[in-house]
Every structure is written in C-alpha cells, then in structure tokens.
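Enquirer: What follows is the file entry.cif, containing mmCIF, C-alpha atoms:
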```
data_start
#
loop_
_atom_site.label_atom_id
_atom_site.label_comp_id
_atom_site.auth_asym_id
_atom_site.auth_seq_id
_atom_site.Cartn_x
_atom_site.Cartn_y
_atom_site.Cartn_z
CA MET A 6 56.07 -3.93 19.89
CA LYS A 7 52.92 -5.34 21.44
CA ARG A 8 51.10 -2.04 20.94
CA GLN A 9 52.01 -2.02 17.25
CA GLN A 10 50.78 -5.59 16.83
CA TYR A 11 47.53 -4.69 18.59
CA PHE A 12 46.90 -1.69 16.30
CA GLN A 13 47.83 -3.68 13.18
CA HIS A 14 45.42 -6.45 14.18
CA ARG A 15 42.72 -3.87 14.87
CA LEU A 16 43.21 -2.31 11.42
CA GLN A 17 42.85 -5.73 9.79
CA THR A 18 39.65 -6.38 11.77
CA LEU A 19 38.20 -3.00 10.84
CA SER A 20 39.00 -3.62 7.18
CA ALA A 21 37.25 -7.01 7.25
CA LEU A 22 34.22 -5.50 8.99
CA ARG A 23 34.04 -2.70 6.43
CA ASP A 24 34.07 -5.22 3.59
CA ALA A 25 31.22 -7.15 5.22
CA VAL A 26 29.14 -4.03 5.89
CA GLY A 27 29.81 -2.78 2.36
CA ALA A 28 28.63 -6.07 0.89
CA MET A 29 25.45 -5.96 2.99
CA ARG A 30 24.87 -2.35 1.99
CA SER A 31 25.20 -3.18 -1.72
CA LEU A 32 22.86 -6.16 -1.38
CA SER A 33 20.27 -4.10 0.51
CA ALA A 34 20.47 -1.35 -2.10
CA HIS A 35 19.80 -3.92 -4.84
CA HIS A 36 16.77 -5.41 -3.06
CA PHE A 37 15.54 -1.94 -2.12
CA ARG A 38 15.50 -0.79 -5.74
CA ARG A 39 13.69 -3.92 -6.90
CA ALA A 40 11.03 -3.62 -4.18
CA ARG A 41 10.42 0.03 -5.04
CA GLN A 42 10.11 -0.77 -8.75
CA ALA A 43 7.58 -3.55 -8.10
CA LEU A 44 5.51 -1.52 -5.64
CA GLY A 45 3.94 0.80 -8.25
CA PRO A 46 2.42 -1.94 -10.47
CA ALA A 47 1.26 -3.87 -7.39
CA ARG A 48 -0.53 -0.79 -6.06
CA ILE A 49 -2.28 -0.22 -9.39
CA TYR A 50 -3.44 -3.84 -9.54
CA ARG A 51 -4.73 -3.69 -5.95
CA GLU A 52 -6.72 -0.55 -6.77
CA GLU A 53 -8.20 -2.30 -9.81
CA MET A 54 -9.18 -5.27 -7.65
CA SER A 55 -10.83 -2.90 -5.18
CA SER A 56 -12.84 -1.37 -8.04
CA LEU A 57 -13.80 -4.84 -9.27
CA ILE A 58 -14.99 -5.93 -5.83
CA ALA A 59 -17.07 -2.77 -5.60
CA GLU A 60 -18.51 -3.39 -9.07
CA ILE A 61 -19.71 -6.92 -8.30
CA GLY A 62 -20.82 -5.91 -4.79
CA ILE A 63 -19.03 -8.41 -2.57
CA HIS A 64 -20.14 -8.52 1.06
CA GLN A 65 -18.21 -10.88 3.30
CA PRO A 66 -19.96 -12.41 6.31
CA LEU A 67 -19.15 -10.94 9.71
CA HIS A 68 -18.27 -13.51 12.37
CA ALA A 69 -19.82 -11.92 15.44
CA GLY A 70 -18.18 -12.89 18.71
CA VAL A 71 -15.11 -14.45 17.04
CA PRO A 72 -11.82 -12.70 18.04
CA ALA A 73 -9.86 -11.16 15.20
CA GLY A 74 -6.45 -12.35 14.06
CA MET A 75 -3.33 -10.27 13.57
CA LEU A 76 -0.54 -10.60 11.01
CA VAL A 77 2.81 -9.00 11.90
CA LEU A 78 5.13 -8.33 8.95
CA ALA A 79 8.63 -8.08 10.40
CA SER A 80 12.08 -9.39 9.39
CA ASP A 81 14.54 -12.20 9.98
CA LEU A 82 17.70 -10.15 9.46
CA GLY A 83 19.22 -7.54 11.74
CA LEU A 84 21.15 -4.29 11.17
CA CYS A 85 17.94 -2.35 10.52
CA GLY A 86 17.74 -0.11 13.59
CA ASP A 87 14.49 -0.08 15.54
CA TYR A 88 12.47 -1.53 12.65
CA ASN A 89 11.30 -4.68 14.45
CA SER A 90 10.88 -3.12 17.89
CA ARG A 91 8.51 -0.40 16.60
CA LEU A 92 6.39 -2.97 14.77
CA SER A 93 6.28 -5.17 17.89
CA ARG A 94 5.14 -2.31 20.12
CA LEU A 95 2.32 -1.40 17.74
CA ALA A 96 1.27 -5.06 17.48
CA ILE A 97 1.08 -5.43 21.28
CA ASP A 98 -0.95 -2.21 21.70
CA ASP A 99 -3.41 -3.02 18.91
CA ALA A 100 -3.79 -6.65 19.99
CA ARG A 101 -4.95 -5.49 23.41
CA LYS A 102 -7.25 -2.86 21.93
CA ASN A 103 -8.89 -5.20 19.40
CA GLY A 104 -8.98 -8.34 21.53
CA VAL A 105 -6.69 -10.33 19.24
CA THR A 106 -5.93 -13.90 20.28
CA THR A 107 -4.48 -15.40 17.06
CA VAL A 108 -1.20 -14.02 15.74
CA TYR A 109 0.54 -14.78 12.45
CA SER A 110 4.20 -13.76 12.38
CA VAL A 111 6.30 -13.18 9.27
CA GLY A 112 9.87 -12.88 10.51
CA LYS A 113 11.41 -14.29 13.66
CA ARG A 114 12.64 -11.05 15.21
CA PRO A 115 9.44 -10.00 17.05
CA ARG A 116 8.42 -13.46 18.25
CA GLY A 117 10.21 -13.26 21.59
CA THR A 118 8.69 -9.87 22.39
CA LEU A 119 5.19 -11.03 21.43
CA SER A 120 5.54 -14.24 23.46
CA LYS A 121 6.40 -12.23 26.58
CA GLU A 122 3.04 -10.45 26.20
CA SER A 123 1.13 -13.76 25.88
CA LEU A 124 0.84 -13.30 22.10
CA SER A 125 2.77 -16.35 20.95
CA PRO A 126 2.42 -16.64 17.16
CA HIS A 127 -0.12 -19.22 16.01
CA ARG A 128 1.65 -19.60 12.66
CA CYS A 129 5.21 -18.52 11.84
CA TYR A 130 6.71 -17.82 8.42
CA ASP A 131 10.23 -17.00 7.31
CA ALA A 132 10.53 -13.41 6.15
CA PRO A 133 11.66 -13.04 2.53
CA SER A 134 14.65 -10.78 1.95
CA CYS A 135 14.06 -10.44 -1.79
CA LEU A 136 11.26 -10.55 -4.37
CA GLU A 137 11.89 -14.18 -5.27
CA GLY A 138 10.75 -15.32 -1.83
CA LEU A 139 7.49 -13.37 -1.86
CA SER A 140 5.51 -15.68 -4.16
CA GLN A 141 6.06 -18.82 -2.11
CA LEU A 142 5.29 -17.00 1.12
CA LEU A 143 2.13 -15.38 -0.25
CA ALA A 144 0.65 -18.61 -1.61
CA ARG A 145 0.91 -20.24 1.80
CA LEU A 146 0.08 -17.18 3.89
CA ALA A 147 -3.06 -16.17 1.96
CA GLN A 148 -4.35 -19.74 1.98
CA ASP A 149 -3.82 -20.19 5.73
CA VAL A 150 -5.48 -16.88 6.61
CA LEU A 151 -8.44 -17.45 4.30
CA GLU A 152 -9.02 -20.99 5.59
CA ASP A 153 -8.96 -19.76 9.20
CA TYR A 154 -11.42 -16.99 8.33
CA VAL A 155 -13.83 -19.27 6.48
CA ALA A 156 -13.66 -21.81 9.32
CA GLU A 157 -14.41 -18.93 11.77
CA ARG A 158 -11.21 -19.45 13.71
CA ILE A 159 -10.65 -15.70 13.29
CA GLY A 160 -13.33 -13.05 12.93
CA GLY A 161 -11.16 -10.69 10.87
CA LEU A 162 -7.55 -9.87 10.13
CA TYR A 163 -5.44 -6.86 11.11
CA VAL A 164 -2.04 -6.43 9.48
CA ILE A 165 0.86 -4.67 11.23
CA SER A 166 3.30 -3.48 8.59
CA ALA A 167 5.79 -0.74 7.76
CA VAL A 168 4.93 2.02 5.30
CA PHE A 169 8.03 3.27 3.48
CA GLU A 170 8.58 7.03 3.75
CA GLY A 171 12.13 7.41 2.47
CA VAL A 172 15.47 5.78 3.13
CA GLY A 173 15.76 5.35 6.89
CA HIS A 174 12.17 6.42 7.56
CA PHE A 175 8.95 4.43 7.89
CA THR A 176 5.65 4.46 9.76
CA PRO A 177 4.22 1.37 11.50
CA LEU A 178 0.61 1.00 10.38
CA THR A 179 -2.38 -1.18 11.26
CA THR A 180 -4.66 -2.15 8.37
CA ARG A 181 -7.75 -4.33 8.50
CA ILE A 182 -8.11 -6.40 5.34
CA LEU A 183 -10.66 -9.00 6.46
CA PRO A 184 -13.57 -8.85 6.23
CA ILE A 185 -13.53 -6.73 3.09
CA GLU A 186 -15.27 -3.42 3.54
CA PRO A 187 -18.75 -3.62 1.98
CA VAL A 188 -18.39 -1.12 -0.85
CA THR A 189 -20.93 -1.22 -3.68
CA ALA A 190 -20.69 0.72 -6.91
CA SER A 191 -23.53 3.02 -7.95
CA GLU A 192 -24.29 0.71 -10.86
CA PRO A 193 -23.05 -2.74 -9.88
CA LEU A 194 -22.37 -5.25 -12.62
CA ARG A 195 -24.62 -8.23 -13.13
CA ARG A 196 -22.88 -11.47 -12.33
CA SER A 197 -22.34 -13.95 -15.11
CA PRO A 198 -24.91 -16.77 -15.25
CA TYR A 199 -22.15 -19.12 -16.40
CA VAL A 200 -20.11 -18.86 -13.18
CA ASP A 201 -21.31 -19.88 -9.74
CA SER A 202 -21.80 -16.80 -7.58
CA ASN A 203 -20.08 -18.26 -4.52
CA HIS A 204 -17.12 -19.42 -6.61
CA LEU A 205 -16.76 -15.95 -8.13
CA THR A 206 -16.86 -14.37 -4.69
CA MET A 207 -14.22 -16.74 -3.33
CA VAL A 208 -11.91 -16.15 -6.30
CA ALA A 209 -12.27 -12.36 -6.03
CA VAL A 210 -11.69 -12.38 -2.27
CA ARG A 211 -8.62 -14.62 -2.62
CA GLU A 212 -7.15 -12.41 -5.34
CA TYR A 213 -7.84 -9.25 -3.35
CA LEU A 214 -6.27 -10.75 -0.23
CA TYR A 215 -3.26 -11.93 -2.22
CA ILE A 216 -2.54 -8.59 -3.90
CA SER A 217 -3.19 -6.64 -0.67
CA LEU A 218 -0.66 -8.75 1.22
CA TYR A 219 1.76 -8.53 -1.70
CA GLU A 220 1.60 -4.73 -1.71
CA MET A 221 2.12 -4.59 2.07
CA LEU A 222 5.05 -6.98 1.91
CA LEU A 223 6.69 -4.94 -0.86
CA ASP A 224 6.23 -1.75 1.13
CA ALA A 225 7.63 -3.44 4.25
CA LEU A 226 10.56 -4.87 2.28
CA ALA A 227 11.44 -1.42 0.93
CA ALA A 228 11.19 0.07 4.43
CA GLU A 229 13.33 -2.70 5.95
CA HIS A 230 16.11 -2.38 3.38
CA GLY A 231 15.89 1.41 3.62
CA MET A 232 16.54 1.16 7.36
CA ARG A 233 19.37 -1.28 6.71
CA LEU A 234 20.93 1.08 4.17
CA MET A 235 20.98 3.88 6.73
CA ALA A 236 22.35 1.59 9.45
CA ALA A 237 25.03 0.26 7.09
CA GLN A 238 26.04 3.81 6.12
CA SER A 239 26.33 4.76 9.80
CA ALA A 240 28.40 1.64 10.44
CA GLN A 241 30.68 2.48 7.51
CA ASP A 242 31.16 6.03 8.79
CA TRP A 243 32.09 4.69 12.23
CA LEU A 244 34.48 2.14 10.73
CA ASP A 245 36.15 4.82 8.60
CA SER A 246 36.57 7.07 11.63
CA SER A 247 37.93 4.20 13.73
CA THR A 248 40.33 3.20 10.94
CA VAL A 249 41.76 6.72 10.69
CA SER A 250 42.11 6.97 14.47
CA THR A 251 43.76 3.54 14.73
CA ALA A 252 46.15 4.34 11.85
CA ARG A 253 47.23 7.52 13.64
CA ARG A 254 47.79 5.63 16.89
CA LEU A 255 49.79 2.98 15.00
CA THR A 256 51.95 5.72 13.43
CA ALA A 257 52.47 7.27 16.86
CA ALA A 258 53.36 3.87 18.35
CA ARG A 259 55.88 3.25 15.57
CA SER A 260 57.37 6.70 16.10
CA GLU A 261 57.64 6.08 19.83
CA ALA A 262 59.25 2.69 19.18
CA SER A 263 61.76 4.24 16.73
CA THR A 264 62.59 7.01 19.21
CA GLN A 265 63.04 4.46 22.00
CA GLU A 266 65.33 2.34 19.81
CA LEU A 267 67.42 5.42 18.96
CA LEU A 268 67.65 6.37 22.63
CA ASP A 269 68.70 2.81 23.49
CA ILE A 270 71.44 2.93 20.83
CA VAL A 271 72.72 6.31 22.05
CA SER A 272 72.60 5.16 25.64
CA SER A 273 74.51 1.96 24.81
CA SER A 274 77.14 3.94 22.89
CA ARG A 275 77.65 6.35 25.78
CA GLN A 276 77.91 3.45 28.19
CA ARG A 277 80.62 1.78 26.08
CA LEU A 278 82.56 5.06 25.79
CA HIS A 279 82.28 5.56 29.53
CA ASP A 280 83.45 2.01 30.24
CA SER A 281 86.41 2.31 27.88
CA SER A 282 87.51 5.67 29.28
CA SER A 283 87.24 4.65 32.95
CA GLY A 284 88.88 1.19 32.56
CA PRO A 285 92.43 0.31 33.89
CA ARG A 286 95.37 1.69 31.89
CA ALA A 287 98.20 -0.56 30.80
CA LEU A 288 101.53 -0.03 32.64
CA PRO A 289 104.67 0.80 30.59
CA ASN A 290 107.28 -1.99 30.17
CA SER A 291 110.17 -1.78 32.68
CA LEU A 292 113.64 -1.33 31.35
#
```
For the file at hand, write its structure as structure tokens.
Expert:
Amino acid sequence: MKRQQYFQHRLQTLSALRDAVGAMRSLSAHHFRRARQALGPARIYREEMSSLIAEIGIHQPLHAGVPAGMLVLASDLGLCGDYNSRLSRLAIDDARKNGVTTVYSVGKRPRGTLSKESLSPHRCYDAPSCLEGLSQLLARLAQDVLEDYVAERIGGLYVISAVFEGVGHFTPLTTRILPIEPVTASEPLRRSPYVDSNHLTMVAVREYLYISLYEMLLDALAAEHGMRLMAAQSAQDWLDSSTVSTARRLTAARSEASTQELLDIVSSSRQRLHDSSSGPRALPNSL
C-alpha cells in the first residue's frame, strides 16, 4: 500500500511540474517571438544612425590612460542552460585582457562569478524578461554609461552579450561601442548653423548608444528565451518519460498488491478448511 501511495504522489508531483514547465515554455515562446520581431527594425535604425554619424563626421575624444568599462548583458531567470556561465567566462577573460576595472551588470546571475574574480559590478540593473522592461532599463543604462564616459570615469565601453543563432544556440560576443569609431563619409554633410555643434554631437552619440544597446539587448533576449525553450523542452521530455515509467511501476505495484490479496484469501480459506477438518468430532449420544 505504501508503494502505491508513493507512486501516486510522484505522479501528482510530476504532473504539477509539467504544468509549471509548460507555462514557462509558453511564456518564453511568446517573449522570444516578440524579441525576434522587434530585432529587424532596431537593426535597420542602428544602421541608419551609423550612416548619420559618418555623414556628420563625429569623432569622440579618446581618454588616454583611463581604464575601459565593461557591460555584461546576462539574465535574472534560470532554466536557460549555460547561458550565464558562458557570458561570465568571456567577461572575465576580456576584462583581464583589456584592463577593465569598472563593470556594469544587467542581470544578477553572473554577479557572484564576477565578484570572485575581483570584478564586482559598479552598477547593477535588473534584467528585463520582456520588451516592456527594455525602455526603462535603457533610459537609465545609457545615461549612466554616457555620464561616466564624459566624466572620464571610464575610457571606453565593451559590451558582453549573446548573439542569437537559432533556438538553443548563441555566441557570446564582445563589442566596443564607446568611443564611437571615427568613420567619416566621403562627402560629409555641413552642420546646421542653427544648432550648436556640441549639442548635435551629444544628441547623435546618445541616440547611437541607445539604439546600439537596444539592439544588443533584443538579441540577448532572443538568445536567452531560445535557450530557455530548449531547456524547457528537455525538461518536458524527461517529465513525460518519468511519468510513463512511474505509471508502469504503479500498475505493477497494484498488480502485486492484488495478487498478494488473492493469495492471502486463498491461504486463509485453506487454513479454515484445514482447521475444520482436523478439529474434534462430536461423540454419538449413548442409548
């Protein structure tokens, strides 16, 4: 009886886990589709901003001798395989190579690993799990990074992010986005006399930084949810296999219990027949 109760309880637990994993899989699929749909327009806009910066000939100042900063785009949620660990390893290697001392961390997952390597995040941000959270994060993130760069607290900015390459596949990548590469068009545009040159430069740099980070965050969001989709599918497959195996063991336990009950009944019947046949016989009445 105890074995049957154990298997029944296990089946209920597996069913509840499958419902939870299925819900997470559906939610990740929804956010994955939205991130992929938004990535194309964001990439086009970033390319247009790159062309505009080349047309007006922006050259950002280089802060010689000032260590660069690093932004790590990771996640807050789990069930996404080795997504965060691969990003953390790349961040540690590149921080040593480029002499990074200031780290910005989006997502709490890699913070412990970075802290162990003396790369405790200077600023920490919650990682958005959907598109609605990107705008608020970007407004604060871009402003903080740009202020630190203008104040020469960082000499540049490297971004560690995931490049989506299909569901369950991504490549960790390092991209330098500050200072902006000095690209000048063959026939640069004349700046408007009605707008201050420094103001125009600051607006263009801020917009370029904003859209570059937005594109990277969208790509990372698609990669994260793609990894979560694959992990959720693997978890569902394991749960289905465990459910089938547990159901078979429950059936076998019930069969064994039924057989044992039948044997107990037969044994009890034989014992009663044996007792009745071997008991004392009544003596006949004397005349």
Enquirer: Measuring between only C-alpha atoms, which one of A:Ala257, A:Thr248, A:His35, A:Glu229 shows the shortest distance to Leu22 of chain A?
Expert: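 Nearest candidate to Leu22 of chain A out of A:Ala257, A:Thr248, A:His35, A:Glu229: A:Thr248.
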Enquirer: Here is a test: counting only C-alpha atoms, which residue of A:Leu278, A:Ala228, A:Ala156, A:Val168 is nearest to Ala34 of chain A?
Expert: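 Answer, going by the shortest atom-to-atom distance: A:Ala228.
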Enquirer: In Å to one decimal, how far is atom CA of Val172 of chain A from atom CA of Ala43 of chain A?
Expert: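 Between atom CA of Ala43 of chain A and atom CA of Val172 of chain A the gap is 16.6 Å.
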Enquirer: Excluding Leu244 of chain A and any residue of its chain fewer than 6 positions from it, enumerate the residues within 9 Å of it, using all atoms listed in the file, and give them as a list in words.
Expert: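 The filter keeps Leu19, Ser20, Leu22 and Arg23 of chain A.
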Enquirer: Select, from A:Asn203, A:Met54, A:Ala40, A:Arg114, the residue with the minimum atom-to-atom distance to Gly138 of chain A, counting only C-alpha atoms.
Expert: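 Nearest candidate to Gly138 of chain A out of A:Asn203, A:Met54, A:Ala40, A:Arg114: A:Ala40.
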Enquirer: Out of A:Ser166, A:Thr106, A:Thr251, A:Ser56, which residue has the shortest atom-to-atom distance to Tyr11 of chain A when counting only C-alpha atoms?
Expert: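 Closest to Tyr11 of chain A, using only C-alpha atoms: A:Thr251.
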Enquirer: Pull out every residue that the PyMOL selection byres ((chain A and resi 238-240) around 10) matches in the shown coordinates and put them as a count of residues only.
Expert: 18
Enquirer: Please measure the separation of atom CA of Gly70 of chain A and atom CA of Arg116 of chain A, giving the value in Å to one decimal.
Expert: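 Spanning atom CA of Gly70 of chain A to atom CA of Arg116 of chain A is a straight-line distance of 26.6 Å.
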Enquirer: My list of candidates is A:Leu32, A:Ala144, A:Ile185, A:Ala225. Which is closest to Ile58 of chain A when distances are computed with only C-alpha atoms?
Expert: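 Of all the options, A:Ile185 lies closest to Ile58 of chain A.
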Enquirer: Report the residues retrieved by the PyMOL selection byres ((chain A and resi 74) around 10) from the displayed file, expressed as a PyMOL selection string.
Expert: chain A and resi 71-73+75-76+100+103-109+127+150+153-154+158-164+181+183
Enquirer: Using all atoms listed in the file, can you tell me which of A:Ala147, A:Ile97, A:Ala262, A:Val200 comes closest to Lys121 of chain A?
Expert: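 Counting all atoms listed in the file, the residue closest to Lys121 of chain A is A:Ile97.
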Enquirer: Just so the selection is clear, what residues does the PyMOL selection byres ((chain A and resi 259) around 12) cover here, as a PyMOL selection string?
Expert: chain A and resi 6-13+252-258+260-266
Enquirer: Atom CA of Ser80 of chain A and atom CA of Asp224 of chain A, how far apart in Å?
Expert: 12.7 Å
Enquirer: Where does segment 18-81 of chain A meet segment 86-92 of chain A within 9 Å, residue by residue, with the nearest atom pair and distance in Å to one decimal for each, counting only C-alpha atoms, listed by chain and rising number, as a Markdown table?
Expert:
```
| residue | atom | partner | partner_atom | distance |
| --- | --- | --- | --- | --- |
| A:Val77 | CA | A:Leu92 | CA | 7.6 |
| A:Leu78 | CA | A:Leu92 | CA | 8.0 |
| A:Ala79 | CA | A:Asn89 | CA | 5.9 |
| A:Ser80 | CA | A:Asn89 | CA | 7.0 |
```
Enquirer: So for segment 241-257 of chain A, what box centre and size do we get, axis-aligned, 3 Å extra on each of the six sides, every listed atom, Å to one decimal, as AutoDock Vina command-line options?
Expert:
```
--center_x 41.6 --center_y 4.8 --center_z 12.2 --size_x 27.8 --size_y 11.4 --size_z 15.4
```
Enquirer: Generate N, CA and C atoms for segment 115-140 of chain A and emit them as a PDB file, keeping the file's coordinate frame.
Expert:
```
ATOM      1  N   PRO A 115      10.349 -10.462  15.995  1.00  0.00           N
ATOM      2  CA  PRO A 115       9.440 -10.000  17.050  1.00  0.00           C
ATOM      3  C   PRO A 115       8.823 -11.122  17.873  1.00  0.00           C
ATOM      4  N   ARG A 116       9.125 -12.360  17.592  1.00  0.00           N
ATOM      5  CA  ARG A 116       8.420 -13.460  18.250  1.00  0.00           C
ATOM      6  C   ARG A 116       8.670 -13.506  19.750  1.00  0.00           C
ATOM      7  N   GLY A 117       9.912 -13.258  20.160  1.00  0.00           N
ATOM      8  CA  GLY A 117      10.210 -13.260  21.590  1.00  0.00           C
ATOM      9  C   GLY A 117       9.459 -12.179  22.330  1.00  0.00           C
ATOM     10  N   THR A 118       9.410 -10.975  21.757  1.00  0.00           N
ATOM     11  CA  THR A 118       8.690  -9.870  22.390  1.00  0.00           C
ATOM     12  C   THR A 118       7.208 -10.163  22.480  1.00  0.00           C
ATOM     13  N   LEU A 119       6.619 -10.705  21.418  1.00  0.00           N
ATOM     14  CA  LEU A 119       5.190 -11.030  21.430  1.00  0.00           C
ATOM     15  C   LEU A 119       4.885 -12.141  22.437  1.00  0.00           C
ATOM     16  N   SER A 120       5.768 -13.127  22.534  1.00  0.00           N
ATOM     17  CA  SER A 120       5.540 -14.240  23.460  1.00  0.00           C
ATOM     18  C   SER A 120       5.531 -13.760  24.911  1.00  0.00           C
ATOM     19  N   LYS A 121       6.368 -12.770  25.220  1.00  0.00           N
ATOM     20  CA  LYS A 121       6.400 -12.230  26.580  1.00  0.00           C
ATOM     21  C   LYS A 121       5.081 -11.568  26.963  1.00  0.00           C
ATOM     22  N   GLU A 122       4.332 -11.100  25.962  1.00  0.00           N
ATOM     23  CA  GLU A 122       3.040 -10.450  26.200  1.00  0.00           C
ATOM     24  C   GLU A 122       1.874 -11.411  25.968  1.00  0.00           C
ATOM     25  N   SER A 123       2.160 -12.720  26.059  1.00  0.00           N
ATOM     26  CA  SER A 123       1.130 -13.760  25.880  1.00  0.00           C
ATOM     27  C   SER A 123       0.500 -13.701  24.494  1.00  0.00           C
ATOM     28  N   LEU A 124       1.303 -13.346  23.490  1.00  0.00           N
ATOM     29  CA  LEU A 124       0.840 -13.300  22.100  1.00  0.00           C
ATOM     30  C   LEU A 124       1.717 -14.207  21.239  1.00  0.00           C
ATOM     31  N   SER A 125       1.931 -15.420  21.702  1.00  0.00           N
ATOM     32  CA  SER A 125       2.770 -16.350  20.950  1.00  0.00           C
ATOM     33  C   SER A 125       2.161 -16.596  19.575  1.00  0.00           C
ATOM     34  N   PRO A 126       2.952 -16.472  18.520  1.00  0.00           N
ATOM     35  CA  PRO A 126       2.420 -16.640  17.160  1.00  0.00           C
ATOM     36  C   PRO A 126       1.792 -18.014  16.937  1.00  0.00           C
ATOM     37  N   HIS A 127       0.596 -17.999  16.352  1.00  0.00           N
ATOM     38  CA  HIS A 127      -0.120 -19.220  16.010  1.00  0.00           C
ATOM     39  C   HIS A 127       0.529 -19.901  14.803  1.00  0.00           C
ATOM     40  N   ARG A 128       0.939 -19.106  13.837  1.00  0.00           N
ATOM     41  CA  ARG A 128       1.650 -19.600  12.660  1.00  0.00           C
ATOM     42  C   ARG A 128       2.854 -18.684  12.422  1.00  0.00           C
ATOM     43  N   CYS A 129       3.992 -19.279  12.072  1.00  0.00           N
ATOM     44  CA  CYS A 129       5.210 -18.520  11.840  1.00  0.00           C
ATOM     45  C   CYS A 129       5.716 -18.779  10.416  1.00  0.00           C
ATOM     46  N   TYR A 130       6.214 -17.737   9.794  1.00  0.00           N
ATOM     47  CA  TYR A 130       6.710 -17.820   8.420  1.00  0.00           C
ATOM     48  C   TYR A 130       8.063 -17.117   8.353  1.00  0.00           C
ATOM     49  N   ASP A 131       8.944 -17.670   7.534  1.00  0.00           N
ATOM     50  CA  ASP A 131      10.230 -17.000   7.310  1.00  0.00           C
ATOM     51  C   ASP A 131      10.009 -15.749   6.472  1.00  0.00           C
ATOM     52  N   ALA A 132      10.675 -14.675   6.863  1.00  0.00           N
ATOM     53  CA  ALA A 132      10.530 -13.410   6.150  1.00  0.00           C
ATOM     54  C   ALA A 132      11.398 -13.416   4.902  1.00  0.00           C
ATOM     55  N   PRO A 133      10.840 -13.104   3.744  1.00  0.00           N
ATOM     56  CA  PRO A 133      11.660 -13.040   2.530  1.00  0.00           C
ATOM     57  C   PRO A 133      12.535 -11.787   2.548  1.00  0.00           C
ATOM     58  N   SER A 134      13.749 -11.930   2.027  1.00  0.00           N
ATOM     59  CA  SER A 134      14.650 -10.780   1.950  1.00  0.00           C
ATOM     60  C   SER A 134      14.727 -10.222   0.538  1.00  0.00           C
ATOM     61  N   CYS A 135      14.031 -10.884  -0.403  1.00  0.00           N
ATOM     62  CA  CYS A 135      14.060 -10.440  -1.790  1.00  0.00           C
ATOM     63  C   CYS A 135      12.722 -10.787  -2.444  1.00  0.00           C
ATOM     64  N   LEU A 136      12.526 -10.326  -3.671  1.00  0.00           N
ATOM     65  CA  LEU A 136      11.260 -10.550  -4.370  1.00  0.00           C
ATOM     66  C   LEU A 136      11.007 -12.017  -4.673  1.00  0.00           C
ATOM     67  N   GLU A 137      12.075 -12.777  -4.907  1.00  0.00           N
ATOM     68  CA  GLU A 137      11.890 -14.180  -5.270  1.00  0.00           C
ATOM     69  C   GLU A 137      11.203 -14.973  -4.173  1.00  0.00           C
ATOM     70  N   GLY A 138      11.368 -14.574  -2.924  1.00  0.00           N
ATOM     71  CA  GLY A 138      10.750 -15.320  -1.830  1.00  0.00           C
ATOM     72  C   GLY A 138       9.320 -14.930  -1.541  1.00  0.00           C
ATOM     73  N   LEU A 139       8.841 -13.846  -2.160  1.00  0.00           N
ATOM     74  CA  LEU A 139       7.490 -13.370  -1.860  1.00  0.00           C
ATOM     75  C   LEU A 139       6.406 -14.316  -2.367  1.00  0.00           C
ATOM     76  N   SER A 140       6.570 -14.853  -3.553  1.00  0.00           N
ATOM     77  CA  SER A 140       5.510 -15.680  -4.160  1.00  0.00           C
ATOM     78  C   SER A 140       5.212 -16.912  -3.337  1.00  0.00           C
TER      79      SER A 140
END
```
